[in-house]
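Data from run-v3.csv: CSV, C-alpha atoms
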```
chain,number,residue,atom,x,y,z
A,1,MET,CA,101.8,98.1,58.2
A,2,MET,CA,102.8,97.7,61.7
A,3,ARG,CA,102.0,100.7,63.9
A,4,LEU,CA,103.2,101.0,67.4
A,5,ILE,CA,101.9,103.9,69.4
A,6,THR,CA,103.6,104.5,72.7
A,7,LEU,CA,102.6,107.5,74.9
A,8,ALA,CA,105.4,108.4,77.3
A,9,THR,CA,106.1,104.9,78.2
A,10,LEU,CA,108.5,103.9,81.0
A,11,LEU,CA,109.9,100.4,81.4
A,12,ILE,CA,109.8,100.1,85.2
A,13,SER,CA,107.0,97.9,86.5
A,14,PHE,CA,103.5,96.8,85.8
A,15,ASN,CA,100.3,97.0,87.8
A,16,VAL,CA,97.1,95.0,88.1
A,17,GLN,CA,94.2,97.4,87.9
A,18,ALA,CA,91.0,96.5,89.8
A,19,LYS,CA,87.6,97.1,88.2
A,20,GLU,CA,86.2,100.5,88.9
A,21,ILE,CA,83.2,100.7,91.2
A,22,ASP,CA,79.8,101.0,89.6
A,23,LEU,CA,77.4,103.9,89.8
A,24,GLY,CA,75.2,103.3,92.8
A,25,SER,CA,78.0,101.7,94.9
A,26,LYS,CA,78.3,102.7,98.5
A,27,ILE,CA,81.4,104.6,99.7
A,28,PRO,CA,84.2,102.0,99.9
A,29,LEU,CA,86.4,101.8,103.0
A,30,GLU,CA,84.5,104.6,104.6
A,31,ASP,CA,86.1,104.0,108.0
A,32,ILE,CA,89.7,103.6,107.0
A,33,LYS,CA,91.8,106.4,108.6
A,34,MET,CA,94.4,108.2,106.6
A,35,LEU,CA,96.9,110.8,107.6
A,36,ASP,CA,95.9,114.3,106.4
A,37,ILE,CA,98.2,117.2,105.8
A,38,SER,CA,96.8,118.7,109.1
A,39,GLY,CA,98.4,115.9,111.0
A,40,LYS,CA,95.1,114.4,111.9
A,41,ASN,CA,93.9,110.9,110.9
A,42,ILE,CA,90.6,111.1,109.0
A,43,SER,CA,88.3,108.8,107.1
A,44,LEU,CA,85.9,109.4,104.2
A,45,GLY,CA,83.1,109.0,106.8
A,46,ASP,CA,84.6,111.9,108.8
A,47,VAL,CA,84.8,114.1,105.7
A,48,LYS,CA,81.4,113.4,104.1
A,49,GLY,CA,78.9,116.3,104.3
A,50,GLU,CA,75.2,116.2,104.9
A,51,ASN,CA,74.6,116.4,101.2
A,52,GLY,CA,77.4,114.3,99.8
A,53,LEU,CA,81.1,113.6,99.3
A,54,LEU,CA,83.6,114.5,96.6
A,55,VAL,CA,86.6,112.3,96.4
A,56,ILE,CA,89.6,113.3,94.2
A,57,PHE,CA,92.4,110.9,93.6
A,58,SER,CA,95.3,113.2,93.1
A,59,CYS,CA,99.1,113.7,93.7
A,60,ASN,CA,101.8,116.4,93.7
A,61,THR,CA,103.4,116.2,90.3
A,62,CYS,CA,101.2,114.8,87.5
A,63,PRO,CA,100.9,117.4,84.7
A,64,TRP,CA,97.1,116.8,84.5
A,65,VAL,CA,96.7,117.5,88.2
A,66,ILE,CA,98.7,120.7,87.8
A,67,LYS,CA,96.4,121.8,85.0
A,68,TRP,CA,93.2,120.9,86.8
A,69,GLU,CA,93.8,121.6,90.5
A,70,ASP,CA,92.7,125.2,90.3
A,71,ARG,CA,89.3,123.7,89.7
A,72,TYR,CA,89.5,121.6,92.8
A,73,VAL,CA,89.8,124.8,94.9
A,74,GLU,CA,86.9,126.4,93.1
A,75,LEU,CA,84.7,123.3,93.6
A,76,ALA,CA,85.5,123.2,97.3
A,77,LYS,CA,84.9,126.9,97.7
A,78,LYS,CA,81.5,126.6,96.1
A,79,TYR,CA,80.2,123.3,97.4
A,80,LYS,CA,81.5,122.9,100.9
A,81,PRO,CA,79.1,125.5,102.1
A,82,LYS,CA,76.3,123.5,100.4
A,83,GLY,CA,77.1,120.4,102.5
A,84,ILE,CA,79.5,118.6,100.2
A,85,GLY,CA,82.6,117.2,101.9
A,86,VAL,CA,85.7,117.4,99.8
A,87,ILE,CA,88.9,115.3,100.0
A,88,ALA,CA,91.9,114.7,97.8
A,89,ILE,CA,93.7,111.4,98.2
A,90,ASN,CA,97.3,110.7,97.3
A,91,SER,CA,97.7,107.0,96.5
A,92,ASN,CA,101.0,107.1,94.7
A,93,GLU,CA,102.7,104.7,97.1
A,94,MET,CA,105.7,104.3,94.8
A,95,ASN,CA,106.5,107.9,95.4
A,96,PHE,CA,105.8,108.3,99.1
A,97,GLY,CA,109.5,108.3,99.8
A,98,SER,CA,110.1,111.2,97.3
A,99,SER,CA,107.8,113.5,95.3
A,100,ASP,CA,104.6,112.4,97.0
A,101,SER,CA,105.9,112.4,100.6
A,102,MET,CA,103.8,114.0,103.4
A,103,ASP,CA,106.2,116.9,103.5
A,104,GLU,CA,105.8,117.5,99.8
A,105,MET,CA,102.0,117.1,100.1
A,106,LYS,CA,101.9,119.8,102.7
A,107,LYS,CA,104.1,122.2,100.5
A,108,HIS,CA,102.0,121.4,97.5
A,109,ALA,CA,98.7,122.1,99.3
A,110,GLU,CA,100.0,125.4,100.7
A,111,ASN,CA,101.4,126.5,97.3
A,112,ASN,CA,98.1,125.8,95.6
A,113,ASN,CA,95.7,127.1,98.3
A,114,TYR,CA,94.1,123.8,99.0
A,115,ASN,CA,90.9,124.4,101.0
A,116,PHE,CA,90.1,120.7,101.5
A,117,PHE,CA,91.5,117.6,103.1
A,118,TYR,CA,94.6,116.0,101.4
A,119,THR,CA,95.4,112.6,102.7
A,120,MET,CA,98.0,109.8,102.1
A,121,ASP,CA,96.5,106.5,101.1
A,122,GLU,CA,99.0,104.0,102.7
A,123,GLY,CA,99.1,100.8,100.6
A,124,SER,CA,96.9,102.5,98.0
A,125,LYS,CA,94.0,100.7,99.7
A,126,LEU,CA,91.4,103.2,98.7
A,127,ALA,CA,92.6,103.5,95.1
A,128,ARG,CA,92.5,99.8,94.8
A,129,GLU,CA,89.0,99.5,96.3
A,130,PHE,CA,87.6,102.3,94.2
A,131,GLY,CA,89.3,101.0,91.1
A,132,ALA,CA,90.8,104.4,90.6
A,133,SER,CA,93.4,104.3,87.8
A,134,ARG,CA,94.7,107.8,87.3
A,135,THR,CA,95.1,111.3,88.7
A,136,PRO,CA,92.9,113.3,88.7
A,137,HIS,CA,90.1,110.7,89.1
A,138,ILE,CA,86.9,111.9,90.6
A,139,TYR,CA,84.1,110.2,92.5
A,140,LEU,CA,80.9,111.9,93.8
A,141,PHE,CA,78.6,110.3,96.4
A,142,ASP,CA,75.2,111.6,97.3
A,143,LYS,CA,73.6,112.1,100.7
A,144,ASN,CA,72.8,108.3,100.8
A,145,ASP,CA,76.5,107.5,100.3
A,146,GLU,CA,75.8,106.2,96.8
A,147,LEU,CA,78.1,106.9,93.8
A,148,VAL,CA,76.4,109.2,91.3
A,149,TYR,CA,79.4,110.5,89.2
A,150,ARG,CA,82.8,109.2,88.3
A,151,GLY,CA,85.5,110.5,85.9
A,152,ALA,CA,86.9,113.8,84.9
A,153,VAL,CA,86.8,117.3,86.5
A,154,ASP,CA,85.6,118.9,83.2
A,155,ASP,CA,86.3,118.7,79.5
A,156,ASN,CA,89.3,121.1,79.3
A,157,ALA,CA,92.3,120.5,81.5
A,158,SER,CA,94.4,123.3,80.0
A,159,LYS,CA,92.1,126.2,80.0
A,160,ALA,CA,89.5,126.7,82.7
A,161,ARG,CA,87.8,129.5,80.8
A,162,LYS,CA,87.3,127.3,77.7
A,163,VAL,CA,85.5,124.5,79.6
A,164,LYS,CA,82.2,123.6,77.9
A,165,LYS,CA,81.2,120.7,80.1
A,166,PRO,CA,82.0,121.3,83.8
A,167,TYR,CA,81.2,117.6,84.6
A,168,VAL,CA,81.6,117.7,88.3
A,169,ALA,CA,79.9,121.0,89.0
A,170,ASN,CA,77.0,120.0,86.8
A,171,ALA,CA,76.8,116.6,88.6
A,172,ILE,CA,76.8,118.3,92.0
A,173,ASP,CA,74.2,120.8,91.0
A,174,ALA,CA,71.9,118.1,89.6
A,175,MET,CA,72.4,116.0,92.7
A,176,LEU,CA,71.5,118.9,95.0
A,177,THR,CA,68.3,119.7,93.0
A,178,GLY,CA,67.3,116.0,92.5
A,179,ASP,CA,67.7,116.2,88.8
A,180,ASP,CA,69.2,113.5,86.5
A,181,ILE,CA,73.0,113.8,86.0
A,182,LYS,CA,73.5,114.1,82.2
A,183,TYR,CA,77.1,112.8,82.2
A,184,ALA,CA,77.5,110.4,85.1
A,185,SER,CA,80.6,108.6,83.9
A,186,THR,CA,83.3,110.4,81.8
A,187,LYS,CA,86.9,109.8,80.8
A,188,ALA,CA,90.0,112.0,80.6
A,189,LEU,CA,93.7,111.7,80.3
A,190,GLY,CA,95.6,111.4,83.6
A,191,CYS,CA,98.7,109.9,85.1
A,192,GLY,CA,98.6,106.3,86.2
A,193,ILE,CA,98.5,105.9,90.0
A,194,LYS,CA,101.8,104.6,91.1
A,195,PHE,CA,100.9,101.4,93.0
A,196,LYS,CA,103.4,99.2,94.7
A,197,ASN,CA,102.9,95.6,93.4
B,1,MET,CA,113.7,110.0,74.4
B,2,ASN,CA,115.4,109.1,71.1
B,3,PHE,CA,112.2,107.9,69.5
B,4,LYS,CA,112.4,108.1,65.7
B,5,GLY,CA,109.0,107.0,64.5
B,6,GLU,CA,106.0,109.0,63.5
B,7,ALA,CA,104.5,111.2,66.2
B,8,TYR,CA,101.1,113.0,66.3
B,9,ILE,CA,99.7,115.9,68.3
B,10,LYS,CA,96.3,115.3,69.9
B,11,ASP,CA,94.0,118.3,69.3
B,12,GLN,CA,90.6,117.0,70.3
B,13,PRO,CA,88.8,116.6,73.6
B,14,ASP,CA,90.1,113.9,75.8
B,15,GLU,CA,87.1,111.6,75.8
B,16,GLU,CA,86.6,111.7,72.1
B,17,PHE,CA,90.3,111.0,71.6
B,18,ILE,CA,90.3,108.1,74.1
B,19,ASN,CA,87.2,106.4,72.7
B,20,SER,CA,88.3,106.8,69.1
B,21,LEU,CA,91.6,105.2,69.8
B,22,TYR,CA,90.3,102.3,71.9
B,23,GLY,CA,87.1,102.2,73.9
B,24,ASP,CA,88.5,100.1,76.8
B,25,TRP,CA,91.2,102.6,77.5
B,26,THR,CA,90.4,104.5,80.7
B,27,GLY,CA,92.6,107.5,79.8
B,28,THR,CA,95.4,106.4,82.1
B,29,LEU,CA,98.9,107.3,80.8
B,30,PRO,CA,101.3,105.9,79.8
B,31,PHE,CA,99.2,103.9,77.4
B,32,THR,CA,100.5,101.5,74.8
B,33,ILE,CA,98.6,99.9,72.0
B,34,VAL,CA,100.1,97.6,69.3
B,35,PHE,CA,98.5,96.9,65.9
B,36,GLY,CA,99.2,93.9,63.6
B,37,LYS,CA,101.3,94.5,60.5
B,38,LEU,CA,98.9,93.0,58.0
B,39,SER,CA,95.6,92.7,59.9
B,40,GLY,CA,95.7,96.2,61.4
B,41,SER,CA,93.9,94.7,64.4
B,42,ILE,CA,95.0,95.2,68.0
B,43,VAL,CA,97.4,92.5,69.2
B,44,ASP,CA,98.0,93.9,72.7
B,45,PHE,CA,97.5,97.0,74.8
B,46,TRP,CA,98.2,98.1,78.4
B,47,GLU,CA,98.0,101.1,80.7
B,48,ASN,CA,100.9,102.2,82.9
B,49,SER,CA,104.5,101.1,82.5
B,50,HIS,CA,105.5,97.5,81.8
B,51,HIS,CA,108.4,95.2,81.5
B,52,GLU,CA,110.4,95.5,78.3
B,53,GLN,CA,109.7,91.8,77.5
B,54,ARG,CA,106.0,92.6,77.0
B,55,PHE,CA,106.9,95.2,74.4
B,56,ILE,CA,109.1,92.7,72.6
B,57,GLU,CA,106.4,90.0,72.6
B,58,ALA,CA,103.8,92.5,71.4
B,59,VAL,CA,106.0,93.6,68.5
B,60,LYS,CA,106.7,90.0,67.5
B,61,LYS,CA,103.0,89.3,67.5
B,62,ALA,CA,102.4,92.4,65.4
B,63,ILE,CA,105.0,91.4,62.8
B,64,ASN,CA,103.3,88.0,62.5
B,65,SER,CA,99.7,89.1,62.3
```
Show the structure stored in the file as structure tokens.
Amino acid sequence: MMRLITLATLLISFNVQAKEIDLGSKIPLEDIKMLDISGKNISLGDVKGENGLLVIFSCNTCPWVIKWEDRYVELAKKYKPKGIGVIAINSNEMNFGSSDSMDEMKKHAENNNYNFFYTMDEGSKLAREFGASRTPHIYLFDKNDELVYRGAVDDNASKARKVKKPYVANAIDAMLTGDDIKYASTKALGCGIKFKN
Amino acid sequence: MNFKGEAYIKDQPDEEFINSLYGDWTGTLPFTIVFGKLSGSIVDFWENSHHEQRFIEAVKKAINS
């Protein structure tokens, strides 16, 4: 029997996906400046805190971002005071002229009470270098700039109160106390990043 | 979408679902996987959108494998 399973497929273009960076990797393209919603040009090096850096590949319209982004705000609220820099990066270059424009990013951040940097990744350079494939897609670096966690925010996009495994929060807590991170690499559904070929 | 095939509703955690369907899938959507008619084995898969021609070729492969 032939089975063809297609999940919300669009016939537009195709992308070549780079390999995702390995745990232990240093922060890629740390000095590349990106335009933030504040109007300033900032780099990952500017954002990182004394104890680490949380990078969130995100966008304005992905249903999974919409479901999870309340957790972005809570993570920033809890961990920025503990020396963790937090940044969301929009790499959807195909949509920079429409739903992911800087104006739309500013509105989206304001409407959702973003309390962290939100930058535009021109040319999707950072997404390509990280090997980020989807939104949301999370990367956590420690105080030595080494990758210690990559993957999902937690294990329940739809209902924050039903989360059983808060992957990112647990990873940050373990990182801060010097404990092993139980789930250092996880997967979750997310919208493909809209690269220009 | 005027899709007239079988459709299923996912009701398990993401990671369990992703790995049970195909371990190399990162979770990125849209995701397409095509199985052979007789063999039941995977003849092609891809993440993100793709040209129609790849769908056609994958289905032809599936019919003949």
Compare B:Ser39, B:Asn64, B:Gln53, B:Thr32 by their minimum atom-to-atom distance to chain A, counting all atoms listed in the file, and give me the closest one. B:Thr32
Can you measure CA of Tyr72 (chain A) to CA of Glu50 (chain A) for me? One decimal in Å is fine. 19.5 Å
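Distance-wise, CA of Ala132 (chain A) and CA of Phe116 (chain A) end up 19.6 Å apart.
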Tell me the residues of chain B close to chain A, meaning within 7 Å using all atoms listed in the file, as a list in words.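 Residues passing the distance filter: Pro13, Asp14, Glu15, Thr26, Gly27, Thr28, Leu29, Pro30, Phe31, Thr32, Ile33, Val34, Phe35, Gly36, Lys37, Leu38, Asn48, Ser49, His50, His51, Glu52, Ala62 and Ile63 of chain B.
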In Å, rounded to a single decimal, give me how far CA of Lys67 (chain A) is from CA of Leu29 (chain A).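 These two atoms are separated by 28.7 Å.
With all atoms listed in the file as the basis for measurement, A:Val153 is the residue among A:Lys164, A:Leu147, A:Val153, A:Asn197 that approaches Glu74 (chain A) most closely.
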Just checking: using all atoms listed in the file, which residue out of A:Ile56, A:Ile84, A:Val73, A:Ala18 ends up closest to Asp173 (chain A)?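 Smallest separation from Asp173 (chain A) among the options: A:Ile84.
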Using all atoms listed in the file, which protein or nucleic acid residues come within 12 Å of Ile21 (chain A)? Drop anything in the same chain fewer than 6 positions from it, and give the result as a count of residues only. 21
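The smallest atom-to-atom distance between Tyr118 (chain A) and any of A:Gly39, A:Gly24, A:Pro166, A:Gly45, using all atoms listed in the file, is found for A:Gly39.
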Using only C-alpha atoms, pick whichever of A:Asp36, A:Asp142, A:Arg161, A:Asp31 has the shortest atom-to-atom distance to Ile89 (chain A).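 Answer, going by the shortest atom-to-atom distance: A:Asp36.
For the set A:Lys40, A:Lys125, A:Lys48, A:Lys196, the residue with the smallest atom-to-atom gap to Asn144 (chain A) is A:Lys48, counting only C-alpha atoms.
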